[in-house]
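Asker: Handing over work-v2.cif, mmCIF, C-alpha atoms.
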```cif
data_structure
#
loop_
_atom_site.label_atom_id
_atom_site.label_comp_id
_atom_site.auth_asym_id
_atom_site.auth_seq_id
_atom_site.Cartn_x
_atom_site.Cartn_y
_atom_site.Cartn_z
CA ASP S 382 -0.04 -1.19 10.51
CA SER S 383 0.34 -3.67 7.62
CA GLY S 384 3.66 -2.23 6.43
CA VAL S 385 2.21 -1.43 2.99
CA THR S 386 2.32 2.30 2.25
CA GLN S 387 0.04 4.04 -0.20
CA THR S 388 0.14 7.66 -1.26
CA PRO S 389 -1.72 9.91 -1.53
CA LYS S 390 -4.55 9.09 0.89
CA HIS S 391 -7.00 11.25 -0.99
CA LEU S 392 -7.06 12.53 -4.55
CA ILE S 393 -9.62 14.87 -6.07
CA THR S 394 -9.46 15.54 -9.78
CA ALA S 395 -11.60 16.31 -12.80
CA THR S 396 -12.87 14.15 -15.63
CA GLY S 397 -10.37 13.65 -18.42
CA GLN S 398 -7.37 14.04 -16.14
CA ARG S 399 -4.59 11.60 -15.36
CA VAL S 400 -3.38 10.59 -11.88
CA THR S 401 -0.71 8.34 -10.41
CA LEU S 402 -1.16 6.27 -7.28
CA ARG S 403 1.89 4.99 -5.47
CA CYS S 404 2.48 1.86 -3.38
CA SER S 405 5.46 0.69 -1.35
CA PRO S 406 5.22 -2.99 -0.36
CA ARG S 407 6.19 -4.50 2.96
CA SER S 408 9.88 -5.03 3.46
CA GLY S 409 10.85 -8.31 1.83
CA ASP S 410 7.70 -8.66 -0.28
CA LEU S 411 8.25 -9.05 -4.01
CA SER S 412 4.62 -9.03 -5.16
CA VAL S 413 2.29 -6.10 -5.51
CA TYR S 414 -1.42 -6.32 -6.32
CA TRP S 415 -3.81 -3.50 -7.17
CA TYR S 416 -7.53 -3.55 -6.38
CA GLN S 417 -10.46 -1.22 -6.92
CA GLN S 418 -13.27 -1.01 -4.37
CA SER S 419 -16.47 0.80 -5.31
CA LEU S 420 -19.46 1.38 -3.05
CA ASP S 421 -21.66 -1.09 -4.88
CA GLN S 422 -19.00 -3.71 -5.54
CA GLY S 423 -16.53 -5.71 -3.59
CA LEU S 424 -12.81 -5.62 -4.11
CA GLN S 425 -12.02 -6.07 -7.79
CA PHE S 426 -8.60 -7.32 -8.76
CA LEU S 427 -6.82 -5.13 -11.30
CA ILE S 428 -3.23 -6.27 -11.81
CA HIS S 429 -0.36 -8.16 -10.18
CA TYR S 430 3.39 -7.60 -10.40
CA TYR S 431 6.13 -9.85 -9.11
CA ASN S 432 9.71 -8.63 -8.87
CA GLY S 433 9.18 -6.05 -11.60
CA GLU S 434 7.26 -8.24 -14.03
CA GLU S 435 3.56 -8.27 -14.76
CA ARG S 436 2.22 -11.68 -13.71
CA ALA S 437 -1.55 -11.40 -13.92
CA LYS S 438 -4.13 -8.98 -15.21
CA GLY S 439 -7.71 -8.78 -14.03
CA ASN S 440 -10.52 -6.46 -14.99
CA ILE S 441 -8.25 -3.51 -15.64
CA LEU S 442 -9.40 -0.90 -18.13
CA GLU S 443 -7.14 0.03 -21.04
CA ARG S 444 -7.04 3.58 -19.63
CA PHE S 445 -5.29 2.18 -16.56
CA SER S 446 -1.72 0.96 -16.43
CA ALA S 447 0.78 0.00 -13.77
CA GLN S 448 4.42 -0.78 -13.28
CA GLN S 449 6.73 -2.07 -10.58
CA PHE S 450 10.13 -0.45 -10.27
CA PRO S 451 13.52 -2.02 -9.37
CA ASP S 452 13.10 -0.89 -5.76
CA LEU S 453 9.78 -2.84 -5.82
CA HIS S 454 7.49 0.12 -5.33
CA SER S 455 4.59 0.25 -7.75
CA GLU S 456 2.56 2.93 -9.46
CA LEU S 457 -0.95 2.72 -10.86
CA ASN S 458 -1.66 5.25 -13.59
CA LEU S 459 -5.25 6.19 -14.34
CA SER S 460 -5.91 8.34 -17.40
CA SER S 461 -8.87 9.93 -19.18
CA LEU S 462 -10.67 9.73 -15.87
CA GLU S 463 -14.44 9.31 -15.77
CA LEU S 464 -16.90 9.85 -12.94
CA GLY S 465 -17.24 6.10 -12.58
CA ASP S 466 -13.56 5.76 -11.71
CA SER S 467 -14.24 7.31 -8.33
CA ALA S 468 -13.41 4.57 -5.84
CA LEU S 469 -10.98 3.35 -3.24
CA TYR S 470 -7.83 1.90 -4.75
CA PHE S 471 -5.90 -0.58 -2.66
CA CYS S 472 -2.48 -2.01 -3.02
CA ALA S 473 -1.54 -5.30 -1.40
CA SER S 474 1.77 -7.08 -1.16
CA SER S 475 2.95 -10.61 -0.52
CA VAL S 476 6.23 -12.45 -0.35
CA GLY S 477 5.78 -14.65 -3.40
CA SER S 478 3.87 -14.66 -6.63
CA TRP S 479 0.32 -15.87 -7.03
CA GLU S 480 1.44 -19.45 -7.69
CA SER S 481 2.58 -19.75 -4.07
CA LYS S 482 0.42 -19.93 -0.98
CA ASN S 483 0.51 -16.27 -0.15
CA ILE S 484 -1.14 -13.94 2.27
CA GLN S 485 -1.85 -10.52 0.83
CA TYR S 486 -1.38 -7.58 3.17
CA PHE S 487 -3.23 -4.41 2.25
CA GLY S 488 -2.37 -0.76 2.44
CA ALA S 489 -4.75 1.90 3.73
CA GLY S 490 -5.84 2.82 0.21
CA THR S 491 -6.15 5.93 -1.93
CA ARG S 492 -9.59 7.48 -2.19
CA LEU S 493 -10.05 8.89 -5.68
CA SER S 494 -12.82 11.37 -6.36
CA VAL S 495 -13.43 12.38 -9.97
CA LEU S 496 -15.59 15.49 -10.26
CA GLU P 296 -17.81 -19.56 -12.64
CA ASP P 297 -15.85 -19.04 -9.44
CA GLN P 298 -17.97 -17.25 -6.90
CA VAL P 299 -17.97 -16.14 -3.27
CA THR P 300 -21.16 -15.26 -1.39
CA GLN P 301 -21.24 -13.87 2.13
CA SER P 302 -24.22 -13.80 4.45
CA PRO P 303 -25.78 -12.01 6.10
CA GLU P 304 -25.04 -8.67 4.44
CA ALA P 305 -25.42 -6.91 7.76
CA LEU P 306 -25.64 -8.10 11.36
CA ARG P 307 -26.40 -6.26 14.58
CA LEU P 308 -25.48 -7.94 17.84
CA GLN P 309 -25.65 -6.98 21.46
CA GLU P 310 -22.34 -7.04 23.28
CA GLY P 311 -21.75 -10.63 24.40
CA GLU P 312 -24.19 -12.12 21.89
CA SER P 313 -22.28 -14.77 19.91
CA SER P 314 -22.99 -15.41 16.24
CA SER P 315 -21.52 -16.70 12.99
CA LEU P 316 -20.83 -15.20 9.59
CA ASN P 317 -21.00 -17.36 6.50
CA CYS P 318 -18.88 -17.47 3.36
CA SER P 319 -20.04 -19.86 0.64
CA TYR P 320 -17.79 -20.48 -2.29
CA THR P 321 -17.83 -22.19 -5.65
CA VAL P 322 -14.42 -22.83 -7.18
CA SER P 323 -12.95 -25.60 -9.28
CA GLY P 324 -10.31 -26.30 -6.63
CA LEU P 325 -9.49 -24.39 -3.50
CA ARG P 326 -5.97 -23.10 -2.98
CA GLY P 327 -6.87 -21.01 0.04
CA LEU P 328 -9.63 -19.12 1.83
CA PHE P 329 -8.89 -15.85 3.59
CA TRP P 330 -10.74 -13.75 6.14
CA TYR P 331 -10.12 -10.04 6.45
CA ARG P 332 -11.53 -7.31 8.65
CA GLN P 333 -12.11 -3.88 7.14
CA ASP P 334 -12.85 -0.73 9.11
CA PRO P 335 -14.50 2.20 7.31
CA GLY P 336 -12.07 4.05 5.03
CA LYS P 337 -9.23 1.63 5.77
CA GLY P 338 -7.60 -1.29 4.05
CA PRO P 339 -8.52 -4.90 4.78
CA GLU P 340 -6.64 -6.35 7.74
CA PHE P 341 -5.65 -10.00 7.48
CA LEU P 342 -7.24 -12.32 10.03
CA PHE P 343 -6.98 -15.96 8.96
CA THR P 344 -6.11 -18.24 6.11
CA LEU P 345 -7.50 -21.77 5.73
CA TYR P 346 -6.31 -24.29 3.18
CA SER P 347 -8.20 -27.54 3.62
CA ALA P 348 -11.60 -28.76 4.79
CA GLY P 349 -11.71 -29.39 8.52
CA GLU P 350 -9.12 -26.76 9.29
CA GLU P 351 -9.81 -24.28 12.09
CA LYS P 352 -8.01 -21.13 13.19
CA GLU P 353 -8.64 -19.07 16.30
CA LYS P 354 -7.69 -15.60 17.45
CA GLU P 355 -9.13 -13.96 20.54
CA ARG P 356 -12.93 -13.91 20.09
CA LEU P 357 -12.80 -15.10 16.48
CA LYS P 358 -12.70 -18.63 15.14
CA ALA P 359 -12.70 -19.56 11.46
CA THR P 360 -13.70 -22.97 10.14
CA LEU P 361 -13.69 -24.46 6.66
CA THR P 362 -15.71 -27.13 4.86
CA LYS P 363 -15.67 -28.11 1.19
CA LYS P 364 -18.40 -25.59 0.37
CA GLU P 365 -18.22 -22.86 2.97
CA SER P 366 -16.41 -21.16 5.78
CA PHE P 367 -17.74 -19.75 9.01
CA LEU P 368 -16.36 -16.96 11.11
CA HIS P 369 -17.62 -17.48 14.65
CA ILE P 370 -17.60 -14.50 16.97
CA THR P 371 -17.82 -15.36 20.65
CA ALA P 372 -18.97 -12.74 23.15
CA PRO P 373 -18.33 -9.83 20.77
CA LYS P 374 -17.41 -6.35 21.93
CA PRO P 375 -18.19 -3.00 20.27
CA GLU P 376 -14.62 -2.86 18.93
CA ASP P 377 -15.39 -5.94 16.83
CA SER P 378 -17.70 -3.78 14.70
CA ALA P 379 -16.37 -3.80 11.15
CA THR P 380 -16.95 -5.34 7.73
CA TYR P 381 -15.66 -8.90 7.51
CA LEU P 382 -14.49 -9.97 4.07
CA CYS P 383 -13.96 -13.46 2.77
CA ALA P 384 -11.70 -14.15 -0.21
CA VAL P 385 -10.98 -17.33 -2.10
CA GLN P 386 -8.10 -18.27 -4.33
CA ALA P 387 -8.78 -21.12 -6.71
CA SER P 388 -6.08 -23.57 -7.71
CA GLY P 389 -4.17 -22.61 -10.81
CA THR P 390 -5.39 -19.03 -10.85
CA TYR P 391 -4.00 -15.71 -9.76
CA LYS P 392 -7.35 -14.39 -8.71
CA TYR P 393 -8.35 -13.57 -5.20
CA ILE P 394 -12.16 -13.49 -5.42
CA PHE P 395 -13.64 -11.37 -2.67
CA GLY P 396 -17.15 -11.53 -1.31
CA THR P 397 -19.01 -8.30 -0.69
CA GLY P 398 -18.65 -8.68 3.06
CA THR P 399 -20.76 -8.79 6.20
CA ARG P 400 -21.16 -5.47 8.04
CA LEU P 401 -21.11 -6.26 11.74
CA LYS P 402 -22.31 -3.81 14.35
CA VAL P 403 -21.92 -4.72 18.02
CA LEU P 404 -23.95 -2.60 20.40
CA ALA P 405 -22.81 -1.84 23.95
#
```
Show me this structure written as structure tokens.

Answerer:
Amino acid sequence: DSGVTQTPKHLITATGQRVTLRCSPRSGDLSVYWYQQSLDQGLQFLIHYYNGEERAKGNILERFSAQQFPDLHSELNLSSLELGDSALYFCASSVGSWESKNIQYFGAGTRLSVL
Amino acid sequence: EDQVTQSPEALRLQEGESSSLNCSYTVSGLRGLFWYRQDPGKGPEFLFTLYSAGEEKEKERLKATLTKKESFLHITAPKPEDSATYLCAVQASGTYKYIFGTGTRLKVLA
């Protein structure tokens, strides 16, 4: 067990809908990272938060947004969902921000199916 | 462009048959290279991190090595429970990005 908690494990929804994925980092970790993993692609970095502030943004669609709350948990919001958004979404956490030598520890993921 | 390539894509070994997985990378400057293991439907599990050429790390049947262009994950006398996808990730200096390879799917047969 990595100590990173993601909920829900599975999510089934319809096109056009909006969903929220939740992540609780390991105790003591200030950074949260979100990734998308599709069948035909590797892990794609979406966004990084450190201690409540956005620190880096990757290939994240404008329909997607995230935030990190004062208790350090994070939420990834996906709206106007399309079939192609079906994927595994992973959250990872680390002690420091990306500028430091960090090891990212991953949660078990949320499997999103858009029908 | 920063890039990570893993080979082979898939590997089948008999139990006890040692082999190596390769991770080739192209980055402007290496901050760190990371190996993860991923079981189906689960999140990547951290194995090793390497920071400079010549560095080696070892854990049970696994040994990771690093050169200026590539990293190898050596698996000695594998067991069926070593079956998984092994992912390599690279972080370049001065960038937030972890660039992941697409992985090597390892199957160890009893």

Asker: Quick one: which residues from chain S are at most 8 Å off chain P, using only C-alpha atoms, as an MDAnalysis selection string?

Answerer: chainID S and resid 383 422:426 437 439 471 479:480 482 484:490

Asker: Applying 12 Å and only C-alpha atoms, which residues near S:Glu435 remain after dropping the ones on its own chain fewer than 2 positions away? List them as a list in words.

Answerer: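 These residues fall inside the cut-off: Leu411, Ser412, Val413, Tyr414, Trp415, Leu427, Ile428, His429, Tyr430, Tyr431, Asn432, Gly433, Ala437, Lys438, Gly439, Ser446, Ala447, Gln448, Gln449, Phe450, Ser455, Ser478 and Trp479 of chain S; Tyr391 of chain P.
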
Asker: Nearest to P:Thr371: which of P:Val299, P:Ala387, P:Ala405, P:Leu308 is it, counting only C-alpha atoms?

Answerer: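 Going through P:Val299, P:Ala387, P:Ala405, P:Leu308 one by one, the smallest distance to P:Thr371 is for P:Leu308.
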
Asker: Return as a ChimeraX atom specification the set of residues that the PyMOL selection byres ((chain S and resi 403) around 9) yields on the displayed structure.

Answerer: /S:386-389,401-402,404-405,454-458,472,491

Asker: Please write as a list in words the full residue list that the PyMOL selection byres ((chain P and resi 374) around 9) yields on this file.

Answerer: Gln309, Glu310, Gly311, Glu312, Arg356, Ala372, Pro373, Pro375, Glu376, Asp377, Ser378, Val403, Leu404 and Ala405 of chain P

Asker: I would like the residues chosen by the PyMOL selection byres ((chain P and resi 366) around 9) on the shown file; could you give them as a list in words?

Answerer: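 Selected by the PyMOL selection byres ((chain P and resi 366) around 9) here: Leu316, Asn317, Cys318, Ser319, Tyr320, Leu328, Leu345, Ala359, Thr360, Leu361, Thr362, Lys363, Lys364, Glu365, Phe367, Leu368 and Cys383 of chain P.
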
Asker: For a test of reading the model, state the distance in Å between atom CA of P:Gln298 and atom CA of S:Ser481, rounded to one decimal.

Answerer: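 One can read the atom CA of P:Gln298 to atom CA of S:Ser481 distance as 20.9 Å.
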
Asker: Kindly give the distance, in Å, that separates atom CA of P:Pro335 and atom CA of S:Tyr416, rounded to a single decimal.

Answerer: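 Separating atom CA of P:Pro335 from atom CA of S:Tyr416 is a distance of 16.4 Å.
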
Asker: One number please: atom CA of S:Ala395 to atom CA of S:Asn440, in Å, one decimal.

Answerer: 22.9 Å

Asker: Which polymer residues, whether protein, DNA or RNA, lie within 8 Å of the coordinate (-11.9, 7.5, -0.1) when you count all atoms listed in the file? List them as a list in words, using the chain letters and numbers from the file.

Answerer: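 Residues lying no farther than 8 Å from the given point: Lys390, His391, Ala468, Leu469, Gly490, Thr491, Arg492, Leu493 and Ser494 of chain S; Gly336 of chain P.
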
Asker: Step by step, gather every atom of stretch 300-313 of chain P that the file lists, find the box along x, y and z that holds them, add 6 Å on each side, and finally give centre and edge lengths in Å to one decimal, as AutoDock Vina command-line options.

Answerer:
```
--center_x -23.8 --center_y -10.8 --center_z 11.5 --size_x 17.2 --size_y 21.0 --size_z 37.8
```

Asker: For S:Leu464, list every protein, DNA or RNA residue within 9 Å, evaluated using all atoms listed in the file, and leave out those in the same chain fewer than 2 positions away; present the list as a PDB file with C-alpha atoms, keeping the file's coordinate frame.

Answerer:
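Result file follows (part_4.pdb):
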```
ATOM      1  CA  ALA S 395     -11.600  16.310 -12.800  1.00  0.00           C
ATOM      2  CA  THR S 396     -12.870  14.150 -15.630  1.00  0.00           C
ATOM      3  CA  LEU S 462     -10.670   9.730 -15.870  1.00  0.00           C
ATOM      4  CA  ASP S 466     -13.560   5.760 -11.710  1.00  0.00           C
ATOM      5  CA  SER S 467     -14.240   7.310  -8.330  1.00  0.00           C
ATOM      6  CA  SER S 494     -12.820  11.370  -6.360  1.00  0.00           C
ATOM      7  CA  VAL S 495     -13.430  12.380  -9.970  1.00  0.00           C
ATOM      8  CA  LEU S 496     -15.590  15.490 -10.260  1.00  0.00           C
TER       9      LEU S 496
END
```
